[in-house]
Amino acid sequence: MRAFYEAKVQEVCSAFEFPHKIQATALQYFKRFYLQWLTCVYAACKIEENHVSAEEIGKGIKQDHHSLEFDLIVYAPYRAIEGFIGNMEEFLQARDDEIQKLESLLKAATGEADKVMLTDAPLAFFVIRLKIIYLNALKNLFALAALRIANGVLGVVDFDRYLESIVSQPNSEHTTSELTRLLDDIESLVKSYRYPSEKDMKHINRKLKSCLGHSSSHDESKKREKRSKHKAHRSPNDAPKGARR
């Protein structure tokens, strides 16, 4: 169900021609709010300009504000993709024909980044707080993943060699194999992603209604059983006045 409505968020953003950044932010908020309802309260305060700090919210519910597990910072890969394309121009010492191919790669990678945003990658990788080499931001990891997927089709650059050039930076913290493994994980999420159909949604909704109906009937049954036991244990003195002799 979450996947279905995430796709709807993307459709709305496309219909209004919002920047990709807004679409990515909306999707990532949805993923986080779905699991952490309290985040919605904090975000609502921000949106409605009712300025309440995280510490104040924590005090209000008598919890350490760090336990609320929310963060309004999101990592959208789109500008990072543009940055990598510029870096690839230098890496390839690109001529006019190669620059055109890189422009095609930019467009294709942007589409792949849209797919990455629909998967659990933004949530899963955010939770474990990865630090990726000198880039130090998840948006760059997602950008690299999108570029590698798109490049697998277009074949514009030797991507393994390009990753080696990144890892060879003086402040690099990871090896090429470690970075490749992370990109493989993201690509796997993209490949396994399945958009649910309207038929799927109808089936899920029927199951939910059935569960809700069963729960309601079960609760009513328990109430009736409790009332019957109460009547059975009631003493003659507890009987209504009209029923006494």
# chains A, B, ... in the order shown; residues from 1 in each chain; ligands from 1
$ select_by_dssp --residues "region 138-175 of chain A" --states "alpha helix (DSSP H)" --output "list in words"
Leu138, Lys139, Asn140, Leu141, Phe142, Ala143, Leu144, Ala145, Ala146, Leu147, Arg148, Ile149, Ala150, Asn151, Gly152, Val153, Leu154, Phe159, Asp160, Arg161, Tyr162, Leu163, Glu164, Ser165, Ile166 and Val167 of chain A
$ residues_around --residues "Arg2 (chain A)" --least-positions-apart "6" --cutoff "10 Å" --atoms "only C-alpha atoms" --output "list in words"
Lys8, Phe30, Lys31, Tyr34, Leu118 and Pro196 of chain A
$ write_last_selection --atoms "N, CA and C atoms" --output "short mmCIF file (atom, residue, chain, number, x, y, z; two decimals), in the first residue's frame"
data_model
loop_
_atom_site.label_atom_id
_atom_site.label_comp_id
_atom_site.auth_asym_id
_atom_site.auth_seq_id
_atom_site.Cartn_x
_atom_site.Cartn_y
_atom_site.Cartn_z
N LYS A 8 1.78 7.51 -6.30
CA LYS A 8 0.81 8.59 -6.47
C LYS A 8 1.44 9.95 -6.15
N PHE A 30 7.31 10.72 3.50
CA PHE A 30 6.24 9.72 3.58
C PHE A 30 6.78 8.42 4.17
N LYS A 31 7.96 7.99 3.70
CA LYS A 31 8.55 6.76 4.21
C LYS A 31 8.80 6.85 5.71
N TYR A 34 5.46 7.20 7.83
CA TYR A 34 4.71 5.95 7.86
C TYR A 34 5.11 5.11 9.06
N LEU A 118 11.76 5.65 -5.04
CA LEU A 118 10.55 4.86 -4.75
C LEU A 118 10.86 3.63 -3.90
N PRO A 196 2.55 -1.87 -7.25
CA PRO A 196 1.30 -2.62 -7.11
C PRO A 196 0.21 -2.09 -8.05
#
$ closest_residue --among "A:Lys191, A:Arg161, A:His174, A:Lys139" --to "Glu82 (chain A)" --atoms "only C-alpha atoms"
A:Lys139
$ closest_residue --among "A:Gly155, A:Gln169, A:Glu187, A:Lys101" --to "Phe142 (chain A)" --atoms "only C-alpha atoms"
A:Glu187
$ atom_distance --atom1 "CA of Ala3 (chain A)" --atom2 "CA of Tyr195 (chain A)"
6.5 Å
$ residues_around --residues "Arg194 (chain A)" --least-positions-apart "6" --cutoff "12 Å" --atoms "only C-alpha atoms" --output "NGL selection string"
:A and (1-4 or 6-7 or 115 or 118-120 or 188 or 200)
$ atom_distance --atom1 "CA of Phe84 (chain A)" --atom2 "CA of Ala109 (chain A)"
10.8 Å
$ atom_distance --atom1 "CA of Phe33 (chain A)" --atom2 "CA of Lys21 (chain A)"
18.0 Å
$ residues_around --residues "Arg148 (chain A)" --least-positions-apart "6" --cutoff "12 Å" --atoms "only C-alpha atoms" --output "short mmCIF file (atom, residue, chain, number, x, y, z; two decimals) with N, CA, C and O atoms, in the first residue's frame"
data_model
loop_
_atom_site.label_atom_id
_atom_site.label_comp_id
_atom_site.auth_asym_id
_atom_site.auth_seq_id
_atom_site.Cartn_x
_atom_site.Cartn_y
_atom_site.Cartn_z
N ILE A 81 23.98 14.24 -9.25
CA ILE A 81 24.15 13.64 -10.57
C ILE A 81 24.79 14.63 -11.53
O ILE A 81 25.72 14.30 -12.27
N PHE A 84 28.45 14.93 -10.77
CA PHE A 84 29.24 13.79 -11.25
C PHE A 84 29.42 13.85 -12.77
O PHE A 84 30.48 13.47 -13.29
N ILE A 85 28.38 14.30 -13.48
CA ILE A 85 28.50 14.43 -14.93
C ILE A 85 29.61 15.42 -15.28
O ILE A 85 30.43 15.19 -16.18
N LEU A 105 23.34 10.60 -20.65
CA LEU A 105 23.51 9.87 -19.39
C LEU A 105 22.88 10.63 -18.24
O LEU A 105 22.26 10.01 -17.36
N LEU A 106 23.00 11.94 -18.24
CA LEU A 106 22.38 12.78 -17.21
C LEU A 106 20.87 12.58 -17.19
O LEU A 106 20.26 12.38 -16.13
N ALA A 108 19.09 10.05 -18.45
CA ALA A 108 18.75 8.67 -18.08
C ALA A 108 18.95 8.43 -16.59
O ALA A 108 18.13 7.78 -15.93
N ALA A 109 20.03 8.99 -16.04
CA ALA A 109 20.31 8.81 -14.61
C ALA A 109 19.26 9.50 -13.74
O ALA A 109 18.92 9.02 -12.65
N THR A 110 18.75 10.63 -14.22
CA THR A 110 17.69 11.33 -13.48
C THR A 110 16.45 10.44 -13.37
O THR A 110 15.81 10.36 -12.31
N GLU A 112 16.48 7.17 -13.48
CA GLU A 112 16.82 6.07 -12.57
C GLU A 112 16.78 6.52 -11.11
O GLU A 112 16.41 5.76 -10.22
N ALA A 113 17.17 7.78 -10.88
CA ALA A 113 17.11 8.32 -9.52
C ALA A 113 15.67 8.37 -9.02
O ALA A 113 15.40 8.15 -7.83
N LEU A 141 25.71 8.86 -2.92
CA LEU A 141 25.62 7.41 -3.10
C LEU A 141 24.47 7.07 -4.03
O LEU A 141 24.61 6.27 -4.96
N PHE A 142 23.30 7.70 -3.81
CA PHE A 142 22.14 7.45 -4.66
C PHE A 142 22.41 7.93 -6.09
O PHE A 142 21.98 7.31 -7.06
N LEU A 154 23.72 2.67 -21.48
CA LEU A 154 24.28 3.58 -22.48
C LEU A 154 25.78 3.34 -22.73
O LEU A 154 26.28 3.67 -23.81
N GLY A 155 26.49 2.82 -21.74
CA GLY A 155 27.92 2.54 -21.92
C GLY A 155 28.76 3.75 -22.25
O GLY A 155 29.63 3.70 -23.12
N VAL A 156 28.54 4.85 -21.55
CA VAL A 156 29.26 6.09 -21.83
C VAL A 156 30.66 6.10 -21.23
O VAL A 156 31.60 6.63 -21.81
N VAL A 157 30.82 5.50 -20.05
CA VAL A 157 32.09 5.57 -19.33
C VAL A 157 32.41 4.22 -18.71
O VAL A 157 31.51 3.42 -18.42
N ASP A 158 33.71 3.94 -18.54
CA ASP A 158 34.14 2.74 -17.81
C ASP A 158 33.90 3.03 -16.33
O ASP A 158 34.71 3.68 -15.67
N PHE A 159 32.77 2.53 -15.82
CA PHE A 159 32.32 2.96 -14.49
C PHE A 159 33.22 2.42 -13.38
O PHE A 159 33.45 3.10 -12.38
N ASP A 160 33.73 1.21 -13.53
CA ASP A 160 34.62 0.66 -12.50
C ASP A 160 35.88 1.53 -12.38
O ASP A 160 36.35 1.81 -11.26
N ARG A 161 36.40 1.95 -13.50
CA ARG A 161 37.60 2.80 -13.48
C ARG A 161 37.27 4.16 -12.89
O ARG A 161 38.08 4.75 -12.18
N TYR A 162 36.05 4.65 -13.17
CA TYR A 162 35.64 5.94 -12.62
C TYR A 162 35.52 5.85 -11.10
O TYR A 162 35.94 6.76 -10.37
N LEU A 163 34.95 4.75 -10.58
CA LEU A 163 34.85 4.57 -9.14
C LEU A 163 36.24 4.51 -8.50
O LEU A 163 36.46 5.06 -7.42
N LEU A 179 32.49 0.24 -1.92
CA LEU A 179 31.57 1.16 -2.59
C LEU A 179 30.71 0.41 -3.60
O LEU A 179 29.50 0.65 -3.70
N THR A 180 31.33 -0.52 -4.32
CA THR A 180 30.58 -1.32 -5.30
C THR A 180 29.49 -2.14 -4.62
O THR A 180 28.38 -2.26 -5.15
N LEU A 182 27.85 -1.39 -1.91
CA LEU A 182 26.74 -0.51 -1.55
C LEU A 182 25.89 -0.17 -2.76
O LEU A 182 24.65 -0.15 -2.69
N LEU A 183 26.54 0.07 -3.90
CA LEU A 183 25.81 0.37 -5.13
C LEU A 183 25.01 -0.86 -5.58
O LEU A 183 23.90 -0.72 -6.09
N ASP A 184 25.60 -2.04 -5.39
CA ASP A 184 24.88 -3.29 -5.72
C ASP A 184 23.61 -3.42 -4.88
O ASP A 184 22.57 -3.85 -5.38
N ILE A 186 21.77 -1.04 -3.60
CA ILE A 186 20.74 -0.10 -4.08
C ILE A 186 20.15 -0.60 -5.39
O ILE A 186 18.93 -0.58 -5.59
N GLU A 187 21.02 -1.06 -6.30
CA GLU A 187 20.53 -1.55 -7.59
C GLU A 187 19.61 -2.75 -7.40
O GLU A 187 18.62 -2.91 -8.12
#
$ residues_around --residues "Ala80 (chain A)" --least-positions-apart "2" --cutoff "6 Å" --atoms "only C-alpha atoms" --output "number ranges by chain"
A: 77-78, 82-83, 140, 143
